[in-house]
>>> print(open('start-v4.pdb').read())   # PDB, C-alpha atoms
ATOM      1  CA  MET A   1     -68.766 -56.255  14.159
ATOM      2  CA  LEU A   2     -65.918 -58.681  14.677
ATOM      3  CA  LYS A   3     -62.496 -59.316  13.365
ATOM      4  CA  ALA A   4     -60.035 -62.110  13.200
ATOM      5  CA  ALA A   5     -55.693 -61.481  11.723
ATOM      6  CA  GLY A   6     -52.068 -61.751  12.567
ATOM      7  CA  LEU A   7     -49.945 -58.978  11.119
ATOM      8  CA  LEU A   8     -52.470 -58.522   8.315
ATOM      9  CA  LEU A   9     -54.498 -56.556  10.856
ATOM     10  CA  PHE A  10     -54.027 -53.393   8.765
ATOM     11  CA  TYR A  11     -56.685 -54.732   6.394
ATOM     12  CA  PHE A  12     -59.191 -53.962   9.141
ATOM     13  CA  ILE A  13     -58.122 -50.333   9.279
ATOM     14  CA  GLY A  14     -59.335 -49.915   5.710
ATOM     15  CA  VAL A  15     -62.567 -51.707   6.575
ATOM     16  CA  SER A  16     -62.959 -49.596   9.707
ATOM     17  CA  LYS A  17     -62.483 -46.304   7.872
ATOM     18  CA  VAL A  18     -65.339 -47.063   5.496
ATOM     19  CA  LEU A  19     -67.720 -48.527   8.069
ATOM     20  CA  GLN A  20     -67.141 -45.652  10.474
ATOM     21  CA  GLN A  21     -67.822 -43.132   7.702
ATOM     22  CA  LEU A  22     -71.093 -44.921   6.929
ATOM     23  CA  GLY A  23     -72.119 -45.051  10.584
ATOM     24  CA  VAL A  24     -72.094 -48.849  10.652
ATOM     25  CA  ILE A  25     -69.477 -48.631  13.392
ATOM     26  CA  LYS A  26     -69.720 -45.941  16.036
ATOM     27  CA  PRO A  27     -66.421 -45.979  17.960
ATOM     28  CA  GLY A  28     -66.900 -46.801  21.611
ATOM     29  CA  GLU A  29     -70.608 -47.553  21.086
ATOM     30  CA  THR A  30     -70.818 -50.433  18.612
ATOM     31  CA  ARG A  31     -70.033 -53.837  20.062
ATOM     32  CA  VAL A  32     -66.831 -55.030  18.441
ATOM     33  CA  ALA A  33     -65.127 -58.389  18.970
ATOM     34  CA  GLY A  34     -61.560 -59.119  17.952
ATOM     35  CA  THR A  35     -59.448 -62.237  17.759
ATOM     36  CA  SER A  36     -55.680 -62.533  17.415
ATOM     37  CA  GLY A  37     -54.108 -59.539  15.643
ATOM     38  CA  GLY A  38     -57.630 -58.353  14.908
ATOM     39  CA  ILE A  39     -57.833 -57.263  18.551
ATOM     40  CA  ILE A  40     -55.210 -54.600  17.935
ATOM     41  CA  GLY A  41     -56.861 -53.785  14.617
ATOM     42  CA  CYS A  42     -60.059 -53.070  16.559
ATOM     43  CA  ALA A  43     -58.447 -50.212  18.490
ATOM     44  CA  PRO A  44     -59.987 -47.438  16.337
ATOM     45  CA  ASP A  45     -63.412 -49.085  16.630
ATOM     46  CA  PHE A  46     -63.003 -49.518  20.375
ATOM     47  CA  GLY A  47     -62.735 -45.720  20.381
ATOM     48  CA  ILE A  48     -59.274 -45.568  21.950
ATOM     49  CA  VAL A  49     -57.198 -44.273  19.013
ATOM     50  CA  GLY A  50     -57.668 -42.652  15.612
ATOM     51  CA  HIS A  51     -56.784 -44.305  12.316
ATOM     52  CA  ASP A  52     -53.881 -41.972  11.534
ATOM     53  CA  LYS A  53     -52.111 -42.507  14.847
ATOM     54  CA  PHE A  54     -52.740 -46.230  14.611
ATOM     55  CA  LEU A  55     -51.085 -46.415  11.204
ATOM     56  CA  ALA A  56     -48.123 -44.317  12.337
ATOM     57  CA  VAL A  57     -47.532 -46.602  15.323
ATOM     58  CA  GLY A  58     -48.125 -49.666  13.164
ATOM     59  CA  LYS A  59     -45.555 -48.672  10.565
ATOM     60  CA  GLU A  60     -42.953 -48.080  13.262
ATOM     61  CA  PHE A  61     -43.809 -51.495  14.694
ATOM     62  CA  VAL A  62     -43.344 -53.418  11.429
ATOM     63  CA  THR A  63     -40.096 -51.579  10.727
ATOM     64  CA  ARG A  64     -38.707 -52.658  14.103
ATOM     65  CA  CYS A  65     -39.903 -56.225  13.633
ATOM     66  CA  ARG A  66     -38.408 -56.535  10.171
ATOM     67  CA  ALA A  67     -35.062 -55.537  11.683
ATOM     68  CA  LYS A  68     -35.421 -58.139  14.465
ATOM     69  CA  ASN A  69     -35.901 -61.465  12.659
ATOM     70  CA  ASN A  70     -39.573 -60.597  12.027
ATOM     71  CA  CYS A  71     -40.059 -60.485  15.819
ATOM     72  CA  ALA A  72     -39.829 -64.276  15.940
ATOM     73  CA  GLY A  73     -39.617 -65.272  19.587
ATOM     74  CA  ILE A  74     -40.029 -61.703  20.884
ATOM     75  CA  LEU A  75     -43.344 -60.563  19.414
ATOM     76  CA  ASP A  76     -44.989 -60.134  22.825
ATOM     77  CA  SER A  77     -42.462 -57.512  23.900
ATOM     78  CA  GLU A  78     -43.126 -55.516  20.730
ATOM     79  CA  VAL A  79     -46.893 -55.901  21.128
ATOM     80  CA  SER A  80     -46.524 -54.566  24.668
ATOM     81  CA  ARG A  81     -44.721 -51.519  23.289
ATOM     82  CA  VAL A  82     -47.462 -50.922  20.710
ATOM     83  CA  VAL A  83     -50.203 -51.277  23.313
ATOM     84  CA  GLU A  84     -48.492 -48.721  25.542
ATOM     85  CA  GLN A  85     -48.422 -46.290  22.633
ATOM     86  CA  LEU A  86     -52.059 -46.828  21.679
ATOM     87  CA  LEU A  87     -53.907 -46.943  25.002
ATOM     88  CA  PRO A  88     -54.796 -43.580  26.559
ATOM     89  CA  PRO A  89     -54.836 -43.322  30.379
ATOM     90  CA  ASP A  90     -58.634 -43.729  30.486
ATOM     91  CA  ALA A  91     -58.764 -46.604  27.970
ATOM     92  CA  ALA A  92     -60.641 -48.954  30.318
ATOM     93  CA  ASN A  93     -63.350 -46.346  30.868
ATOM     94  CA  ILE A  94     -63.639 -45.641  27.146
ATOM     95  CA  VAL A  95     -64.290 -49.257  26.194
ATOM     96  CA  SER A  96     -66.791 -49.671  29.029
ATOM     97  CA  ARG A  97     -68.563 -46.357  28.411
ATOM     98  CA  GLY A  98     -67.789 -45.423  32.002
ATOM     99  CA  ALA A  99     -70.067 -48.064  33.512
ATOM    100  CA  ARG A 100     -68.750 -49.629  36.718
ATOM    101  CA  GLY A 101     -69.871 -52.676  38.637
ATOM    102  CA  ALA A 102     -70.298 -53.179  42.371
ATOM    103  CA  ARG A 103     -66.591 -53.899  42.884
ATOM    104  CA  GLY A 104     -65.439 -51.158  40.561
ATOM    105  CA  ALA A 105     -64.980 -53.409  37.526
ATOM    106  CA  ALA A 106     -66.106 -52.151  34.149
ATOM    107  CA  VAL A 107     -69.396 -53.658  32.950
ATOM    108  CA  ASN A 108     -71.389 -53.685  29.718
ATOM    109  CA  GLY A 109     -68.243 -52.991  27.741
ATOM    110  CA  THR A 110     -68.362 -52.791  23.961
ATOM    111  CA  ALA A 111     -64.829 -54.148  23.415
ATOM    112  CA  TYR A 112     -64.853 -57.944  23.289
ATOM    113  CA  ILE A 113     -61.427 -59.583  23.385
ATOM    114  CA  LEU A 114     -61.143 -63.279  22.650
ATOM    115  CA  PHE A 115     -58.490 -65.639  23.951
ATOM    116  CA  ALA A 116     -58.129 -69.362  24.619
ATOM    117  CA  ASN A 117     -57.077 -71.559  27.531
ATOM    118  CA  PRO A 118     -55.658 -75.078  27.099
ATOM    119  CA  ASN A 119     -57.605 -77.546  29.241
ATOM    120  CA  GLU A 120     -56.096 -80.476  31.142
ATOM    121  CA  LYS A 121     -55.948 -82.510  27.915
ATOM    122  CA  GLY A 122     -54.255 -79.716  25.985
ATOM    123  CA  VAL A 123     -57.335 -78.793  23.944
ATOM    124  CA  PRO A 124     -57.843 -75.017  23.514
ATOM    125  CA  VAL A 125     -61.053 -73.757  25.115
ATOM    126  CA  GLY A 126     -62.453 -70.481  23.819
ATOM    127  CA  ASN A 127     -62.945 -67.588  26.223
ATOM    128  CA  TRP A 128     -63.612 -63.861  26.071
ATOM    129  CA  THR A 129     -63.907 -60.764  28.196
ATOM    130  CA  ASN A 130     -65.448 -57.328  27.827
ATOM    131  CA  THR A 131     -64.802 -56.115  31.374
ATOM    132  CA  TYR A 132     -61.558 -54.454  32.414
ATOM    133  CA  ASP A 133     -60.572 -53.295  35.882
ATOM    134  CA  SER A 134     -57.934 -50.872  34.656
ATOM    135  CA  ARG A 135     -55.824 -49.749  31.728
ATOM    136  CA  ASP A 136     -53.267 -52.418  32.625
ATOM    137  CA  ASP A 137     -55.958 -55.117  32.738
ATOM    138  CA  LEU A 138     -57.061 -54.089  29.239
ATOM    139  CA  ALA A 139     -53.438 -54.108  28.059
ATOM    140  CA  GLN A 140     -52.928 -57.605  29.472
ATOM    141  CA  ALA A 141     -56.098 -58.810  27.744
ATOM    142  CA  ILE A 142     -54.841 -57.507  24.397
ATOM    143  CA  ARG A 143     -51.396 -59.078  24.834
ATOM    144  CA  THR A 144     -52.994 -62.375  25.793
ATOM    145  CA  GLY A 145     -55.423 -62.417  22.885
ATOM    146  CA  VAL A 146     -52.568 -62.049  20.379
ATOM    147  CA  TYR A 147     -50.061 -64.341  22.116
ATOM    148  CA  LEU A 148     -48.789 -66.903  19.601
ATOM    149  CA  PRO A 149     -46.746 -69.730  21.175
ATOM    150  CA  MET A 150     -43.039 -69.687  20.242
ATOM    151  CA  TRP A 151     -43.433 -66.600  18.045
ATOM    152  CA  SER A 152     -44.581 -64.238  20.798
ATOM    153  CA  GLY A 153     -42.244 -65.645  23.427
ATOM    154  CA  PRO A 154     -40.559 -68.843  24.596
ATOM    155  CA  ALA A 155     -43.519 -70.041  26.673
ATOM    156  CA  MET A 156     -46.529 -71.921  25.312
ATOM    157  CA  THR A 157     -48.910 -69.559  27.124
ATOM    158  CA  ARG A 158     -48.920 -66.371  29.157
ATOM    159  CA  PRO A 159     -50.818 -65.846  32.428
ATOM    160  CA  PHE A 160     -53.999 -63.791  32.235
ATOM    161  CA  ARG A 161     -56.025 -63.295  35.398
ATOM    162  CA  GLY A 162     -54.283 -66.291  36.910
ATOM    163  CA  VAL A 163     -54.987 -68.701  34.043
ATOM    164  CA  ARG A 164     -52.687 -70.000  31.289
ATOM    165  CA  SER A 165     -53.897 -68.350  28.100
ATOM    166  CA  TYR A 166     -52.998 -67.616  24.482
ATOM    167  CA  ASP A 167     -54.253 -66.426  21.085
ATOM    168  CA  GLY A 168     -58.030 -66.712  20.685
ATOM    169  CA  GLY A 169     -57.539 -67.902  17.113
ATOM    170  CA  PHE A 170     -56.756 -71.331  18.556
ATOM    171  CA  ARG A 171     -60.409 -71.825  19.273
ATOM    172  CA  ARG A 172     -62.739 -69.607  17.322
ATOM    173  CA  ALA A 173     -61.559 -66.981  14.908
ATOM    174  CA  LEU A 174     -64.912 -65.369  14.126
ATOM    175  CA  PRO A 175     -67.296 -65.177  17.072
ATOM    176  CA  CYS A 176     -70.023 -62.551  17.275
ATOM    177  CA  PRO A 177     -70.602 -60.446  20.388
ATOM    178  CA  PRO A 178     -73.658 -61.618  22.336
ATOM    179  CA  ASN A 179     -77.075 -59.991  22.010
ATOM    180  CA  VAL A 180     -76.516 -58.210  18.712
ATOM    181  CA  THR A 181     -79.246 -57.828  16.099
ATOM    182  CA  PHE A 182     -76.883 -58.056  13.137
ATOM    183  CA  CYS A 183     -73.225 -59.045  13.132
ATOM    184  CA  VAL A 184     -70.938 -57.844  10.344
ATOM    185  CA  THR A 185     -68.032 -60.261   9.990
ATOM    186  CA  ALA A 186     -64.633 -59.450   8.538
ATOM    187  CA  SER A 187     -61.578 -61.633   8.087
ATOM    188  CA  VAL A 188     -58.129 -61.119   6.622
ATOM    189  CA  LEU A 189     -58.310 -64.626   5.173
ATOM    190  CA  PRO A 190     -60.475 -65.944   2.358
ATOM    191  CA  PRO A 191     -62.047 -69.403   2.702
ATOM    192  CA  LEU A 192     -59.082 -71.764   2.524
ATOM    193  CA  ASN A 193     -58.754 -74.927   0.474
ATOM    194  CA  PHE A 194     -55.977 -76.808   2.238
ATOM    195  CA  ARG A 195     -55.496 -79.296  -0.599
ATOM    196  CA  GLU A 196     -54.878 -76.451  -3.043
ATOM    197  CA  LEU A 197     -52.502 -74.844  -0.553
ATOM    198  CA  LEU A 198     -50.495 -78.041  -0.282
ATOM    199  CA  ASP A 199     -50.466 -78.559  -4.050
ATOM    200  CA  SER A 200     -49.188 -75.014  -4.583
ATOM    201  CA  LEU A 201     -46.108 -75.812  -2.493
ATOM    202  CA  ASN A 202     -44.720 -77.554  -5.575
ATOM    203  CA  GLU A 203     -44.818 -74.334  -7.593
ATOM    204  CA  PRO A 204     -41.430 -72.586  -8.072
ATOM    205  CA  TYR A 205     -42.865 -69.165  -7.197
ATOM    206  CA  THR A 206     -44.257 -70.461  -3.901
ATOM    207  CA  ASN A 207     -40.889 -71.988  -3.063
ATOM    208  CA  ARG A 208     -39.196 -68.636  -3.619
ATOM    209  CA  VAL A 209     -41.747 -66.906  -1.380
ATOM    210  CA  LEU A 210     -41.196 -69.440   1.400
ATOM    211  CA  ARG A 211     -37.407 -69.200   1.116
ATOM    212  CA  ARG A 212     -37.525 -65.408   1.406
ATOM    213  CA  ALA A 213     -39.712 -65.663   4.493
ATOM    214  CA  LEU A 214     -37.376 -68.185   6.106
ATOM    215  CA  SER A 215     -34.291 -66.156   5.235
ATOM    216  CA  SER A 216     -35.715 -62.923   6.643
ATOM    217  CA  THR A 217     -36.650 -64.711   9.867
ATOM    218  CA  LEU A 218     -33.328 -66.479  10.409
ATOM    219  CA  GLY A 219     -31.399 -63.334   9.494
ATOM    220  CA  ALA A 220     -27.710 -62.972   8.694
ATOM    221  CA  HIS A 221     -26.682 -65.357  11.471
ATOM    222  CA  PRO A 222     -29.131 -68.289  11.395
ATOM    223  CA  MET A 223     -27.331 -70.453  13.944
ATOM    224  CA  ALA A 224     -27.124 -67.616  16.458
ATOM    225  CA  PHE A 225     -30.843 -66.953  16.022
ATOM    226  CA  ILE A 226     -31.713 -70.625  16.491
ATOM    227  CA  GLN A 227     -29.493 -70.872  19.561
ATOM    228  CA  ASN A 228     -30.595 -67.631  21.223
ATOM    229  CA  VAL A 229     -34.296 -67.678  20.375
ATOM    230  CA  MET A 230     -35.720 -70.984  19.234
ATOM    231  CA  LEU A 231     -33.716 -73.290  21.514
ATOM    232  CA  LYS A 232     -34.895 -71.340  24.554
ATOM    233  CA  ASN A 233     -38.152 -73.191  24.113
ATOM    234  CA  LYS A 234     -36.449 -76.314  25.457
ATOM    235  CA  VAL A 235     -36.610 -74.982  28.993
ATOM    236  CA  THR A 236     -40.271 -74.017  28.901
ATOM    237  CA  SER A 237     -41.670 -77.543  29.306
ATOM    238  CA  TYR A 238     -43.793 -77.660  26.174
ATOM    239  CA  LYS A 239     -46.329 -80.452  26.320
ATOM    240  CA  VAL A 240     -46.543 -82.449  23.113
ATOM    241  CA  ASP A 241     -50.306 -82.882  23.410
ATOM    242  CA  GLU A 242     -50.816 -79.133  23.794
ATOM    243  CA  VAL A 243     -48.687 -78.417  20.741
ATOM    244  CA  VAL A 244     -50.397 -81.037  18.563
ATOM    245  CA  LEU A 245     -53.963 -80.359  19.678
ATOM    246  CA  GLY A 246     -53.392 -76.619  19.584
ATOM    247  CA  THR A 247     -52.093 -76.804  16.011
ATOM    248  CA  VAL A 248     -55.061 -78.888  14.873
ATOM    249  CA  ALA A 249     -57.496 -76.523  16.572
ATOM    250  CA  TYR A 250     -55.835 -73.446  15.065
ATOM    251  CA  LEU A 251     -55.922 -74.809  11.520
ATOM    252  CA  SER A 252     -59.618 -75.598  11.833
ATOM    253  CA  ALA A 253     -60.573 -72.372  13.626
ATOM    254  CA  VAL A 254     -58.614 -69.937  11.466
ATOM    255  CA  ASN A 255     -60.438 -70.890   8.245
ATOM    256  CA  PRO A 256     -63.245 -68.308   8.044
ATOM    257  CA  GLY A 257     -65.588 -70.187   5.716
ATOM    258  CA  PRO A 258     -67.711 -68.719   2.903
ATOM    259  CA  ASP A 259     -70.262 -66.816   4.999
ATOM    260  CA  VAL A 260     -67.959 -64.012   6.161
ATOM    261  CA  HIS A 261     -69.194 -60.649   4.907
ATOM    262  CA  ILE A 262     -65.871 -58.974   4.094
ATOM    263  CA  TYR A 263     -62.622 -60.699   3.184
ATOM    264  CA  PRO A 264     -59.845 -60.319   0.567
ATOM    265  CA  GLY A 265     -60.764 -61.677  -2.834
ATOM    266  CA  LYS A 266     -64.516 -61.740  -2.297
ATOM    267  CA  TYR A 267     -65.192 -58.513  -4.175
ATOM    268  CA  ASN A 268     -61.810 -57.445  -5.525
ATOM    269  CA  LYS A 269     -58.740 -59.339  -6.651
ATOM    270  CA  ASN A 270     -56.031 -59.837  -4.041
ATOM    271  CA  PRO A 271     -52.755 -58.594  -5.604
ATOM    272  CA  TYR A 272     -50.769 -61.097  -3.536
ATOM    273  CA  SER A 273     -50.511 -64.847  -4.045
ATOM    274  CA  ILE A 274     -52.178 -66.923  -1.342
ATOM    275  CA  TRP A 275     -48.840 -67.923   0.227
ATOM    276  CA  GLU A 276     -47.544 -64.342   0.162
ATOM    277  CA  TRP A 277     -50.748 -63.318   1.914
ATOM    278  CA  LEU A 278     -50.687 -66.121   4.486
ATOM    279  CA  LEU A 279     -47.069 -65.476   5.386
ATOM    280  CA  MET A 280     -47.807 -61.817   6.082
ATOM    281  CA  MET A 281     -49.812 -63.011   9.066
ATOM    282  CA  ILE A 282     -46.459 -63.579  10.799
ATOM    283  CA  ILE A 283     -43.928 -61.885   8.485
ATOM    284  CA  PRO A 284     -44.399 -58.114   8.894
ATOM    285  CA  PRO A 285     -45.392 -56.233   5.740
ATOM    286  CA  THR A 286     -43.374 -53.177   4.764
ATOM    287  CA  PRO A 287     -44.816 -49.697   5.425
ATOM    288  CA  ASP A 288     -45.601 -49.410   1.695
ATOM    289  CA  GLU A 289     -47.359 -52.778   1.766
ATOM    290  CA  ILE A 290     -49.406 -51.556   4.716
ATOM    291  CA  ASP A 291     -50.805 -48.783   2.513
ATOM    292  CA  ILE A 292     -51.782 -51.389  -0.091
ATOM    293  CA  ILE A 293     -53.403 -53.611   2.540
ATOM    294  CA  VAL A 294     -55.368 -50.704   4.039
ATOM    295  CA  LYS A 295     -56.678 -49.792   0.584
ATOM    296  CA  MET A 296     -57.683 -53.418   0.011
ATOM    297  CA  GLY A 297     -59.757 -53.341   3.192
ATOM    298  CA  ALA A 298     -61.368 -50.042   2.236
ATOM    299  CA  ASP A 299     -62.182 -51.242  -1.284
ATOM    300  CA  ASP A 300     -63.701 -54.489  -0.012
ATOM    301  CA  ALA A 301     -65.752 -52.701   2.652
ATOM    302  CA  THR A 302     -66.985 -50.255   0.009
ATOM    303  CA  SER A 303     -68.040 -53.139  -2.244
ATOM    304  CA  TRP A 304     -69.863 -54.779   0.658
ATOM    305  CA  ALA A 305     -71.610 -51.492   1.474
ATOM    306  CA  ARG A 306     -72.789 -51.175  -2.133
ATOM    307  CA  GLU A 307     -74.095 -54.732  -2.016
ATOM    308  CA  GLN A 308     -76.064 -53.852   1.125
ATOM    309  CA  GLY A 309     -77.478 -50.677  -0.410
ATOM    310  CA  LEU A 310     -75.530 -48.424   1.945
ATOM    311  CA  LEU A 311     -73.810 -46.792  -1.028
ATOM    312  CA  PRO A 312     -75.083 -46.229  -4.569
ATOM    313  CA  PRO A 313     -73.994 -48.764  -7.201
ATOM    314  CA  THR A 314     -70.785 -48.089  -9.102
ATOM    315  CA  GLY A 315     -71.341 -45.578 -11.889
ATOM    316  CA  SER A 316     -74.681 -44.311 -10.580
ATOM    317  CA  ARG A 317     -75.344 -40.632  -9.980
ATOM    318  CA  ARG A 318     -76.659 -39.202  -6.753
TER
END
>>> encode(input="start-v4.pdb", output="structure tokens")
Amino acid sequence: MLKAAGLLLFYFIGVSKVLQQLGVIKPGETRVAGTSGGIIGCAPDFGIVGHDKFLAVGKEFVTRCRAKNNCAGILDSEVSRVVEQLLPPDAANIVSRGARGARGAAVNGTAYILFANPNEKGVPVGNWTNTYDSRDDLAQAIRTGVYLPMWSGPAMTRPFRGVRSYDGGFRRALPCPPNVTFCVTASVLPPLNFRELLDSLNEPYTNRVLRRALSSTLGAHPMAFIQNVMLKNKVTSYKVDEVVLGTVAYLSAVNPGPDVHIYPGKYNKNPYSIWEWLLMMIIPPTPDEIDIIVKMGADDATSWAREQGLLPPTGSRR
């Protein structure tokens, strides 16, 4: 099972609820890989938190972010707060099933966290870990895997185990854990047609959606926000090649393609326009929208389960 997400990660909670009920995912036992916001969305499947607590923490998180320019420029600090709320003291042991290596490091862990490292040319190189020395090491892995340059903080990367690292979505959004017999893939994004996306920018409704997103990010005092948050990036020595190559890599990696098992719109209509949906990857949904998104994930997972014969067809009697 793997997941890739941004702030649409709540879609995976709906998917998780259904797949756990069916026994497809056994928390703490099934190998689960997460990328970007999907890492946090994997928490119930990692076996470290229940769905109800996750949603309660998540709704508090989006409420705070919506009051803070959508967490633009400070997302990492809020992610850190969420991680502290979600991880129990023995989180590292839970995700490794208690197995320890010769030096005390966790081994054979079921929680795969993906991240990327820019190489000397600025090209993102995919990486992952499923071993964690401690609760803090696990927390740092999560924060690194969801670190989005400029939006999470002023720096292009954050250090993880001594290496410059950032969001795993820059390299490969949907990798499967190694040595699995069958990998169920889920994505918050449908297969994307970039030409259609660009053409839709000319539509009045799309323009209104984009203006609302920009306005909510800049807030009541746009110049103060730009000065205090965005212009801080000037002192962080961004490398043009890293920015350009990272952007190109992200756009190519984030598109899930048609072979993903579960994604919005595959089985059931997405009630949001494509630009509304895309923007919710970085613009926090409201608590009420979270409930809608969770139900979307549950409905899509249920449809997939019926297709696989794990549930009876719609309208059939047991």
>>> resolve_selection(input="start-v4.pdb", expression="the PyMOL selection byres ((chain A and resi 37) around 7)", output="ChimeraX atom specification")
/A:4-7,9,35-36,38-41,146
>>> closest_residue(input="start-v4.pdb", among="A:Glu29, A:Glu289, A:Glu307, A:Asp167", to="Ile262 of chain A", atoms="all atoms listed in the file")
A:Glu307
>>> atom_distance(input="start-v4.pdb", atom1="atom CA of Glu78 of chain A", atom2="atom CA of Leu218 of chain A")
18.0 Å
>>> closest_residue(input="start-v4.pdb", among="A:Phe61, A:Trp151, A:Phe54, A:Tyr166", to="Lys17 of chain A", atoms="all atoms listed in the file")
A:Phe54
>>> closest_residue(input="start-v4.pdb", among="A:Thr63, A:His51, A:Phe46, A:Cys71", to="Leu138 of chain A", atoms="all atoms listed in the file")
A:Phe46
>>> atom_distance(input="start-v4.pdb", atom1="atom CA of Ser134 of chain A", atom2="atom CA of Leu55 of chain A")
24.8 Å
>>> build_atoms(input="start-v4.pdb", residues="segment 302-309 of chain A", atoms="all heavy atoms", output="mmCIF file, in the frame of the given file")
data_model
loop_
_atom_site.group_PDB
_atom_site.id
_atom_site.type_symbol
_atom_site.label_atom_id
_atom_site.label_comp_id
_atom_site.auth_asym_id
_atom_site.auth_seq_id
_atom_site.Cartn_x
_atom_site.Cartn_y
_atom_site.Cartn_z
ATOM 1 N N THR A 302 -66.153 -51.070 0.890
ATOM 2 C CA THR A 302 -66.985 -50.255 0.009
ATOM 3 C C THR A 302 -67.858 -51.142 -0.879
ATOM 4 O O THR A 302 -69.053 -50.873 -1.073
ATOM 5 C CB THR A 302 -66.101 -49.338 -0.861
ATOM 6 O OG1 THR A 302 -65.360 -48.454 -0.010
ATOM 7 C CG2 THR A 302 -66.942 -48.520 -1.827
ATOM 8 N N SER A 303 -67.271 -52.211 -1.405
ATOM 9 C CA SER A 303 -68.040 -53.139 -2.244
ATOM 10 C C SER A 303 -69.150 -53.804 -1.437
ATOM 11 O O SER A 303 -70.273 -53.972 -1.928
ATOM 12 C CB SER A 303 -67.106 -54.200 -2.839
ATOM 13 O OG SER A 303 -66.156 -53.616 -3.707
ATOM 14 N N TRP A 304 -68.836 -54.186 -0.204
ATOM 15 C CA TRP A 304 -69.863 -54.779 0.658
ATOM 16 C C TRP A 304 -70.984 -53.775 0.920
ATOM 17 O O TRP A 304 -72.174 -54.123 0.867
ATOM 18 C CB TRP A 304 -69.246 -55.227 1.984
ATOM 19 C CG TRP A 304 -70.275 -55.684 2.976
ATOM 20 C CD1 TRP A 304 -70.865 -56.916 3.048
ATOM 21 C CD2 TRP A 304 -70.862 -54.898 4.024
ATOM 22 N NE1 TRP A 304 -71.782 -56.953 4.076
ATOM 23 C CE2 TRP A 304 -71.802 -55.723 4.695
ATOM 24 C CE3 TRP A 304 -70.683 -53.589 4.464
ATOM 25 C CZ2 TRP A 304 -72.556 -55.277 5.779
ATOM 26 C CZ3 TRP A 304 -71.437 -53.139 5.545
ATOM 27 C CH2 TRP A 304 -72.357 -53.976 6.187
ATOM 28 N N ALA A 305 -70.616 -52.526 1.189
ATOM 29 C CA ALA A 305 -71.610 -51.492 1.474
ATOM 30 C C ALA A 305 -72.525 -51.267 0.269
ATOM 31 O O ALA A 305 -73.737 -51.066 0.426
ATOM 32 C CB ALA A 305 -70.912 -50.194 1.872
ATOM 33 N N ARG A 306 -71.960 -51.312 -0.927
ATOM 34 C CA ARG A 306 -72.789 -51.175 -2.133
ATOM 35 C C ARG A 306 -73.753 -52.354 -2.254
ATOM 36 O O ARG A 306 -74.919 -52.188 -2.616
ATOM 37 C CB ARG A 306 -71.902 -51.084 -3.373
ATOM 38 C CG ARG A 306 -71.184 -49.755 -3.526
ATOM 39 C CD ARG A 306 -70.723 -49.514 -4.960
ATOM 40 N NE ARG A 306 -70.184 -48.163 -5.091
ATOM 41 C CZ ARG A 306 -68.900 -47.865 -5.068
ATOM 42 N NH1 ARG A 306 -68.013 -48.836 -4.927
ATOM 43 N NH2 ARG A 306 -68.497 -46.619 -5.191
ATOM 44 N N GLU A 307 -73.256 -53.535 -1.949
ATOM 45 C CA GLU A 307 -74.095 -54.732 -2.016
ATOM 46 C C GLU A 307 -75.262 -54.632 -1.039
ATOM 47 O O GLU A 307 -76.370 -55.106 -1.319
ATOM 48 C CB GLU A 307 -73.243 -55.961 -1.700
ATOM 49 C CG GLU A 307 -73.975 -57.280 -1.794
ATOM 50 C CD GLU A 307 -73.060 -58.441 -1.443
ATOM 51 O OE1 GLU A 307 -72.757 -58.622 -0.245
ATOM 52 O OE2 GLU A 307 -72.638 -59.156 -2.372
ATOM 53 N N GLN A 308 -75.024 -53.993 0.107
ATOM 54 C CA GLN A 308 -76.064 -53.852 1.125
ATOM 55 C C GLN A 308 -76.972 -52.651 0.885
ATOM 56 O O GLN A 308 -77.922 -52.436 1.643
ATOM 57 C CB GLN A 308 -75.410 -53.711 2.510
ATOM 58 C CG GLN A 308 -74.528 -54.871 2.918
ATOM 59 C CD GLN A 308 -75.271 -56.185 2.940
ATOM 60 O OE1 GLN A 308 -76.346 -56.292 3.531
ATOM 61 N NE2 GLN A 308 -74.714 -57.199 2.291
ATOM 62 N N GLY A 309 -76.675 -51.858 -0.142
ATOM 63 C CA GLY A 309 -77.478 -50.677 -0.410
ATOM 64 C C GLY A 309 -77.113 -49.478 0.441
ATOM 65 O O GLY A 309 -77.850 -48.484 0.477
#
